[in-house]
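Novice: Please find target_32.pdb (PDB, C-alpha atoms) on the next line:
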ATOM      1  CA  GLN C  65     133.423  47.156  93.081  1.00  0.00           C
ATOM      2  CA  VAL C  66     133.652  50.436  94.960  1.00  0.00           C
ATOM      3  CA  GLN C  67     137.177  51.518  95.758  1.00  0.00           C
ATOM      4  CA  LEU C  68     138.827  54.320  97.668  1.00  0.00           C
ATOM      5  CA  VAL C  69     142.265  55.460  96.558  1.00  0.00           C
ATOM      6  CA  GLU C  70     144.454  57.694  98.718  1.00  0.00           C
ATOM      7  CA  SER C  71     147.276  59.819  97.399  1.00  0.00           C
ATOM      8  CA  GLY C  72     149.420  62.720  98.502  1.00  0.00           C
ATOM      9  CA  GLY C  73     151.556  61.084 101.143  1.00  0.00           C
ATOM     10  CA  GLY C  74     155.283  61.630 101.328  1.00  0.00           C
ATOM     11  CA  SER C  75     158.154  62.826 103.444  1.00  0.00           C
ATOM     12  CA  VAL C  76     158.268  66.280 104.942  1.00  0.00           C
ATOM     13  CA  GLN C  77     160.147  68.112 107.667  1.00  0.00           C
ATOM     14  CA  ALA C  78     158.505  69.078 110.908  1.00  0.00           C
ATOM     15  CA  GLY C  79     156.387  72.178 110.466  1.00  0.00           C
ATOM     16  CA  GLY C  80     155.621  71.344 106.857  1.00  0.00           C
ATOM     17  CA  SER C  81     152.343  70.541 105.146  1.00  0.00           C
ATOM     18  CA  LEU C  82     150.827  67.804 103.043  1.00  0.00           C
ATOM     19  CA  ARG C  83     147.410  67.336 101.475  1.00  0.00           C
ATOM     20  CA  LEU C  84     146.028  63.849 101.202  1.00  0.00           C
ATOM     21  CA  SER C  85     143.335  62.978  98.687  1.00  0.00           C
ATOM     22  CA  CYS C  86     140.799  60.177  98.804  1.00  0.00           C
ATOM     23  CA  ALA C  87     139.081  59.498  95.500  1.00  0.00           C
ATOM     24  CA  ALA C  88     136.180  57.113  95.076  1.00  0.00           C
ATOM     25  CA  SER C  89     135.788  54.936  92.009  1.00  0.00           C
ATOM     26  CA  ARG C  90     132.517  53.380  90.804  1.00  0.00           C
ATOM     27  CA  TYR C  91     130.640  55.397  93.416  1.00  0.00           C
ATOM     28  CA  THR C  92     129.719  58.986  94.138  1.00  0.00           C
ATOM     29  CA  VAL C  93     131.321  60.391  97.275  1.00  0.00           C
ATOM     30  CA  SER C  94     128.271  62.502  98.046  1.00  0.00           C
ATOM     31  CA  ASN C  95     126.214  59.300  98.382  1.00  0.00           C
ATOM     32  CA  PHE C  96     128.253  58.057 101.333  1.00  0.00           C
ATOM     33  CA  MET C  97     126.932  59.087 104.716  1.00  0.00           C
ATOM     34  CA  TYR C  98     130.375  59.920 106.093  1.00  0.00           C
ATOM     35  CA  LEU C  99     134.079  59.547 105.378  1.00  0.00           C
ATOM     36  CA  GLY C 100     136.961  59.390 107.774  1.00  0.00           C
ATOM     37  CA  TRP C 101     140.724  59.541 107.947  1.00  0.00           C
ATOM     38  CA  PHE C 102     142.673  57.145 110.097  1.00  0.00           C
ATOM     39  CA  ARG C 103     146.327  56.505 110.744  1.00  0.00           C
ATOM     40  CA  GLN C 104     148.384  53.660 112.036  1.00  0.00           C
ATOM     41  CA  ALA C 105     151.984  53.788 113.146  1.00  0.00           C
ATOM     42  CA  PRO C 106     154.078  50.625 113.532  1.00  0.00           C
ATOM     43  CA  GLY C 107     153.162  48.792 116.716  1.00  0.00           C
ATOM     44  CA  LYS C 108     150.201  51.044 117.425  1.00  0.00           C
ATOM     45  CA  GLU C 109     146.472  50.710 116.980  1.00  0.00           C
ATOM     46  CA  ARG C 110     144.645  52.420 114.160  1.00  0.00           C
ATOM     47  CA  GLU C 111     143.315  55.772 115.350  1.00  0.00           C
ATOM     48  CA  GLY C 112     140.730  58.128 113.968  1.00  0.00           C
ATOM     49  CA  VAL C 113     142.146  61.457 112.869  1.00  0.00           C
ATOM     50  CA  ALA C 114     139.297  63.310 111.155  1.00  0.00           C
ATOM     51  CA  GLY C 115     135.863  62.679 109.740  1.00  0.00           C
ATOM     52  CA  ILE C 116     133.266  64.450 107.663  1.00  0.00           C
ATOM     53  CA  TYR C 117     129.512  63.937 107.574  1.00  0.00           C
ATOM     54  CA  ILE C 118     128.837  64.228 103.864  1.00  0.00           C
ATOM     55  CA  GLY C 119     125.272  65.463 103.979  1.00  0.00           C
ATOM     56  CA  GLY C 120     125.849  68.501 106.130  1.00  0.00           C
ATOM     57  CA  GLY C 121     129.609  68.900 105.879  1.00  0.00           C
ATOM     58  CA  ARG C 122     130.085  68.707 109.632  1.00  0.00           C
ATOM     59  CA  THR C 123     133.526  67.606 110.679  1.00  0.00           C
ATOM     60  CA  THR C 124     135.232  66.200 113.730  1.00  0.00           C
ATOM     61  CA  TYR C 125     138.882  65.832 114.677  1.00  0.00           C
ATOM     62  CA  ALA C 126     141.035  63.974 117.140  1.00  0.00           C
ATOM     63  CA  ASP C 127     142.425  66.251 119.840  1.00  0.00           C
ATOM     64  CA  SER C 128     145.945  65.528 118.637  1.00  0.00           C
ATOM     65  CA  VAL C 129     145.300  67.191 115.262  1.00  0.00           C
ATOM     66  CA  LYS C 130     142.753  69.910 116.048  1.00  0.00           C
ATOM     67  CA  GLY C 131     143.790  73.237 114.645  1.00  0.00           C
ATOM     68  CA  ARG C 132     146.339  71.599 112.329  1.00  0.00           C
ATOM     69  CA  PHE C 133     144.329  69.234 110.110  1.00  0.00           C
ATOM     70  CA  THR C 134     141.270  70.021 108.011  1.00  0.00           C
ATOM     71  CA  THR C 135     139.100  67.631 106.043  1.00  0.00           C
ATOM     72  CA  SER C 136     136.875  68.755 103.206  1.00  0.00           C
ATOM     73  CA  GLN C 137     134.944  67.364 100.256  1.00  0.00           C
ATOM     74  CA  ASP C 138     134.874  68.333  96.590  1.00  0.00           C
ATOM     75  CA  ASN C 139     131.833  66.726  95.003  1.00  0.00           C
ATOM     76  CA  ALA C 140     132.808  67.889  91.516  1.00  0.00           C
ATOM     77  CA  LYS C 141     136.041  65.900  91.817  1.00  0.00           C
ATOM     78  CA  ASN C 142     134.445  63.053  93.764  1.00  0.00           C
ATOM     79  CA  THR C 143     137.222  63.464  96.305  1.00  0.00           C
ATOM     80  CA  VAL C 144     137.721  64.112  99.993  1.00  0.00           C
ATOM     81  CA  TYR C 145     140.853  65.863 101.246  1.00  0.00           C
ATOM     82  CA  LEU C 146     142.882  65.990 104.421  1.00  0.00           C
ATOM     83  CA  GLN C 147     144.982  69.134 104.666  1.00  0.00           C
ATOM     84  CA  MET C 148     147.727  68.627 107.226  1.00  0.00           C
ATOM     85  CA  ASN C 149     149.660  71.651 108.465  1.00  0.00           C
ATOM     86  CA  SER C 150     152.299  72.113 111.149  1.00  0.00           C
ATOM     87  CA  LEU C 151     153.212  68.474 110.885  1.00  0.00           C
ATOM     88  CA  LYS C 152     155.066  66.839 113.745  1.00  0.00           C
ATOM     89  CA  PRO C 153     157.232  63.705 113.855  1.00  0.00           C
ATOM     90  CA  GLU C 154     154.491  61.983 115.846  1.00  0.00           C
ATOM     91  CA  ASP C 155     152.185  62.372 112.831  1.00  0.00           C
ATOM     92  CA  THR C 156     154.303  59.790 111.015  1.00  0.00           C
ATOM     93  CA  ALA C 157     152.065  56.866 110.065  1.00  0.00           C
ATOM     94  CA  MET C 158     150.222  55.129 107.279  1.00  0.00           C
ATOM     95  CA  TYR C 159     147.099  57.149 106.567  1.00  0.00           C
ATOM     96  CA  TYR C 160     143.861  55.574 105.386  1.00  0.00           C
ATOM     97  CA  CYS C 161     140.571  56.957 104.236  1.00  0.00           C
ATOM     98  CA  ALA C 162     137.373  55.057 104.872  1.00  0.00           C
ATOM     99  CA  ALA C 163     133.729  55.479 103.957  1.00  0.00           C
ATOM    100  CA  SER C 164     130.379  54.384 105.281  1.00  0.00           C
ATOM    101  CA  TYR C 165     127.128  53.929 103.381  1.00  0.00           C
ATOM    102  CA  GLY C 166     125.269  54.725 106.569  1.00  0.00           C
ATOM    103  CA  ARG C 167     124.472  53.556 110.065  1.00  0.00           C
ATOM    104  CA  VAL C 168     121.229  53.453 111.951  1.00  0.00           C
ATOM    105  CA  GLY C 169     121.416  55.735 114.937  1.00  0.00           C
ATOM    106  CA  PHE C 170     124.333  57.701 113.502  1.00  0.00           C
ATOM    107  CA  ASP C 171     125.972  60.351 115.623  1.00  0.00           C
ATOM    108  CA  MET C 172     129.172  62.315 115.127  1.00  0.00           C
ATOM    109  CA  THR C 173     131.184  60.030 117.415  1.00  0.00           C
ATOM    110  CA  TYR C 174     131.009  57.383 114.682  1.00  0.00           C
ATOM    111  CA  LEU C 175     133.377  59.384 112.501  1.00  0.00           C
ATOM    112  CA  LEU C 176     136.489  58.429 114.468  1.00  0.00           C
ATOM    113  CA  LEU C 177     135.581  54.773 115.103  1.00  0.00           C
ATOM    114  CA  PRO C 178     137.142  52.379 112.575  1.00  0.00           C
ATOM    115  CA  TYR C 179     134.487  49.668 113.074  1.00  0.00           C
ATOM    116  CA  LYS C 180     131.787  52.085 111.891  1.00  0.00           C
ATOM    117  CA  TYR C 181     133.119  52.033 108.328  1.00  0.00           C
ATOM    118  CA  ASP C 182     132.378  49.807 105.325  1.00  0.00           C
ATOM    119  CA  ILE C 183     135.134  50.516 102.814  1.00  0.00           C
ATOM    120  CA  TRP C 184     138.837  51.249 103.223  1.00  0.00           C
ATOM    121  CA  GLY C 185     141.534  52.560 100.948  1.00  0.00           C
ATOM    122  CA  GLN C 186     144.965  51.004 100.663  1.00  0.00           C
ATOM    123  CA  GLY C 187     146.731  53.748 102.606  1.00  0.00           C
ATOM    124  CA  THR C 188     149.398  56.322 101.912  1.00  0.00           C
ATOM    125  CA  GLN C 189     152.552  56.802 103.985  1.00  0.00           C
ATOM    126  CA  VAL C 190     153.308  60.084 105.734  1.00  0.00           C
ATOM    127  CA  THR C 191     156.750  60.554 107.242  1.00  0.00           C
ATOM    128  CA  VAL C 192     157.670  63.663 109.223  1.00  0.00           C
ATOM    129  CA  SER C 193     161.286  64.193 110.143  1.00  0.00           C
ATOM    130  CA  SER C 194     162.533  66.428 112.932  1.00  0.00           C
TER
END
Can the structure in the file be given as structure tokens, please?

Specialist:
Amino acid sequence: QVQLVESGGGSVQAGGSLRLSCAASRYTVSNFMYLGWFRQAPGKEREGVAGIYIGGGRTTYADSVKGRFTTSQDNAKNTVYLQMNSLKPEDTAMYYCAASYGRVGFDMTYLLLPYKYDIWGQGTQVTVSS
């Protein structure tokens, strides 16, 4: 069974940085069509944060994190990363990575839509204090 495992969450002060990792087991990351990062704060809906189209490396970001977050892939380590800089208290949430084997009619808007994904990790908590 294919699994995604996130790590790297933790507590940090505002302005700090964290790097989240999403490792795939029993599957090669480069064989997914795209991977995404999502977050969900208590009482709020899950929102797309960042996504990467594996084949070409194109990325997309939510407006709330543009210029602060960067997602990248390391095929040698079978891992996708989310580098988060200049963190704010409003970034506090459970962060999930997700992957898709592919979608007919794919376009880049799919990357931030949770229902366009097939597999989800268990999540890692990020807490930013002011």

Novice: Mind telling me what the PyMOL selection byres ((chain C and resi 137) around 12) catches here, as a VMD selection string?

Specialist: chain C and resid 84 to 88 92 to 94 96 98 to 100 115 to 123 134 to 136 138 to 147

Novice: On this file, the PyMOL selection byres ((chain C and resi 176) around 8) gives some set of residues; write that set as a list in words.

Specialist: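 So the PyMOL selection byres ((chain C and resi 176) around 8), applied here, picks out Gly100, Trp101, Phe102, Glu111, Gly112, Val113, Ala114, Gly115, Thr124, Tyr125, Ala126, Thr173, Tyr174, Leu175, Leu177 and Pro178 of chain C.
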
Novice: Do you have the atom CA of Gly187 of chain C-atom CA of Met158 of chain C distance handy?

Specialist: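 According to the coordinates, atom CA of Gly187 of chain C and atom CA of Met158 of chain C are separated by 6.0 Å.
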
Novice: For a test of reading the model, state the distance in Å between atom CA of Glu70 of chain C and atom CA of Cys161 of chain C, rounded to one decimal.

Specialist: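 Computing the Euclidean distance for atom CA of Glu70 of chain C and atom CA of Cys161 of chain C yields 6.8 Å.
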
Novice: Measuring between all atoms listed in the file, which one of C:Phe170, C:Tyr91, C:Phe133, C:Tyr159 shows the shortest distance to Gln186 of chain C?

Specialist: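 The answer is C:Tyr159, which sits nearest to Gln186 of chain C.
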
Novice: Residues picked by the PyMOL selection byres ((chain C and resi 104) around 6) here, as a list of chain:residue names?

Specialist: C:Arg103, C:Ala105, C:Arg110, C:Ala157, C:Met158

Novice: For segment 138-149 of chain C, supply all heavy atoms and format the output as a JSON list (two decimals), keeping the file's coordinate frame.

Specialist:
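Result saved to rebuild.json:
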[["chain", "number", "residue", "atom", "x", "y", "z"],
["C", 138, "ASP", "N", 135.06, 67.66, 97.87],
["C", 138, "ASP", "CA", 134.87, 68.33, 96.59],
["C", 138, "ASP", "C", 134.02, 67.39, 95.75],
["C", 138, "ASP", "O", 134.54, 66.45, 95.15],
["C", 138, "ASP", "CB", 136.21, 68.61, 95.92],
["C", 138, "ASP", "CG", 136.07, 69.43, 94.64],
["C", 138, "ASP", "OD1", 134.99, 69.35, 93.99],
["C", 138, "ASP", "OD2", 137.02, 70.13, 94.28],
["C", 139, "ASN", "N", 132.73, 67.64, 95.72],
["C", 139, "ASN", "CA", 131.83, 66.73, 95.00],
["C", 139, "ASN", "C", 132.11, 66.71, 93.51],
["C", 139, "ASN", "O", 131.95, 65.69, 92.85],
["C", 139, "ASN", "CB", 130.38, 67.10, 95.27],
["C", 139, "ASN", "CG", 129.99, 66.84, 96.71],
["C", 139, "ASN", "OD1", 130.62, 66.05, 97.41],
["C", 139, "ASN", "ND2", 128.95, 67.51, 97.17],
["C", 140, "ALA", "N", 132.53, 67.83, 92.96],
["C", 140, "ALA", "CA", 132.81, 67.89, 91.52],
["C", 140, "ALA", "C", 133.95, 66.95, 91.14],
["C", 140, "ALA", "O", 133.97, 66.39, 90.05],
["C", 140, "ALA", "CB", 133.13, 69.32, 91.11],
["C", 141, "LYS", "N", 134.90, 66.78, 92.08],
["C", 141, "LYS", "CA", 136.04, 65.90, 91.82],
["C", 141, "LYS", "C", 135.87, 64.53, 92.47],
["C", 141, "LYS", "O", 136.77, 63.69, 92.38],
["C", 141, "LYS", "CB", 137.33, 66.56, 92.31],
["C", 141, "LYS", "CG", 137.68, 67.82, 91.55],
["C", 141, "LYS", "CD", 139.02, 68.40, 92.01],
["C", 141, "LYS", "CE", 139.37, 69.62, 91.19],
["C", 141, "LYS", "NZ", 140.67, 70.22, 91.60],
["C", 142, "ASN", "N", 134.73, 64.34, 93.12],
["C", 142, "ASN", "CA", 134.44, 63.05, 93.76],
["C", 142, "ASN", "C", 135.56, 62.66, 94.72],
["C", 142, "ASN", "O", 135.99, 61.50, 94.78],
["C", 142, "ASN", "CB", 134.24, 61.95, 92.72],
["C", 142, "ASN", "CG", 133.29, 60.87, 93.19],
["C", 142, "ASN", "OD1", 132.32, 61.14, 93.90],
["C", 142, "ASN", "ND2", 133.57, 59.64, 92.81],
["C", 143, "THR", "N", 136.03, 63.64, 95.48],
["C", 143, "THR", "CA", 137.22, 63.46, 96.30],
["C", 143, "THR", "C", 137.03, 64.13, 97.66],
["C", 143, "THR", "O", 136.35, 65.16, 97.77],
["C", 143, "THR", "CB", 138.44, 64.07, 95.59],
["C", 143, "THR", "OG1", 138.64, 63.41, 94.33],
["C", 143, "THR", "CG2", 139.71, 63.93, 96.42],
["C", 144, "VAL", "N", 137.64, 63.51, 98.67],
["C", 144, "VAL", "CA", 137.72, 64.11, 99.99],
["C", 144, "VAL", "C", 139.20, 64.37, 100.29],
["C", 144, "VAL", "O", 140.06, 63.57, 99.89],
["C", 144, "VAL", "CB", 137.09, 63.18, 101.05],
["C", 144, "VAL", "CG1", 137.32, 63.70, 102.45],
["C", 144, "VAL", "CG2", 135.60, 63.05, 100.79],
["C", 145, "TYR", "N", 139.47, 65.47, 100.98],
["C", 145, "TYR", "CA", 140.85, 65.86, 101.25],
["C", 145, "TYR", "C", 141.13, 65.91, 102.74],
["C", 145, "TYR", "O", 140.23, 66.12, 103.55],
["C", 145, "TYR", "CB", 141.13, 67.24, 100.65],
["C", 145, "TYR", "CG", 140.93, 67.32, 99.17],
["C", 145, "TYR", "CD1", 139.77, 67.86, 98.63],
["C", 145, "TYR", "CD2", 141.91, 66.86, 98.30],
["C", 145, "TYR", "CE1", 139.58, 67.93, 97.26],
["C", 145, "TYR", "CE2", 141.73, 66.93, 96.92],
["C", 145, "TYR", "CZ", 140.56, 67.46, 96.42],
["C", 145, "TYR", "OH", 140.39, 67.53, 95.05],
["C", 146, "LEU", "N", 142.41, 65.75, 103.07],
["C", 146, "LEU", "CA", 142.88, 65.99, 104.42],
["C", 146, "LEU", "C", 144.09, 66.91, 104.30],
["C", 146, "LEU", "O", 145.15, 66.48, 103.86],
["C", 146, "LEU", "CB", 143.26, 64.69, 105.13],
["C", 146, "LEU", "CG", 143.73, 64.87, 106.58],
["C", 146, "LEU", "CD1", 142.56, 65.34, 107.46],
["C", 146, "LEU", "CD2", 144.32, 63.58, 107.14],
["C", 147, "GLN", "N", 143.89, 68.17, 104.66],
["C", 147, "GLN", "CA", 144.98, 69.13, 104.67],
["C", 147, "GLN", "C", 145.67, 69.05, 106.01],
["C", 147, "GLN", "O", 145.03, 69.24, 107.04],
["C", 147, "GLN", "CB", 144.45, 70.55, 104.42],
["C", 147, "GLN", "CG", 145.51, 71.63, 104.47],
["C", 147, "GLN", "CD", 146.50, 71.53, 103.32],
["C", 147, "GLN", "OE1", 146.11, 71.31, 102.18],
["C", 147, "GLN", "NE2", 147.78, 71.70, 103.63],
["C", 148, "MET", "N", 146.97, 68.80, 105.99],
["C", 148, "MET", "CA", 147.73, 68.63, 107.23],
["C", 148, "MET", "C", 148.80, 69.70, 107.29],
["C", 148, "MET", "O", 149.70, 69.74, 106.44],
["C", 148, "MET", "CB", 148.36, 67.23, 107.27],
["C", 148, "MET", "CG", 147.36, 66.10, 107.06],
["C", 148, "MET", "SD", 148.08, 64.46, 107.28],
["C", 148, "MET", "CE", 149.23, 64.43, 105.92],
["C", 149, "ASN", "N", 148.70, 70.57, 108.27],
["C", 149, "ASN", "CA", 149.66, 71.65, 108.46],
["C", 149, "ASN", "C", 150.40, 71.46, 109.78],
["C", 149, "ASN", "O", 149.97, 70.70, 110.65],
["C", 149, "ASN", "CB", 148.93, 73.00, 108.46],
["C", 149, "ASN", "CG", 148.24, 73.28, 107.16],
["C", 149, "ASN", "OD1", 148.67, 72.88, 106.09],
["C", 149, "ASN", "ND2", 147.11, 73.99, 107.24]]
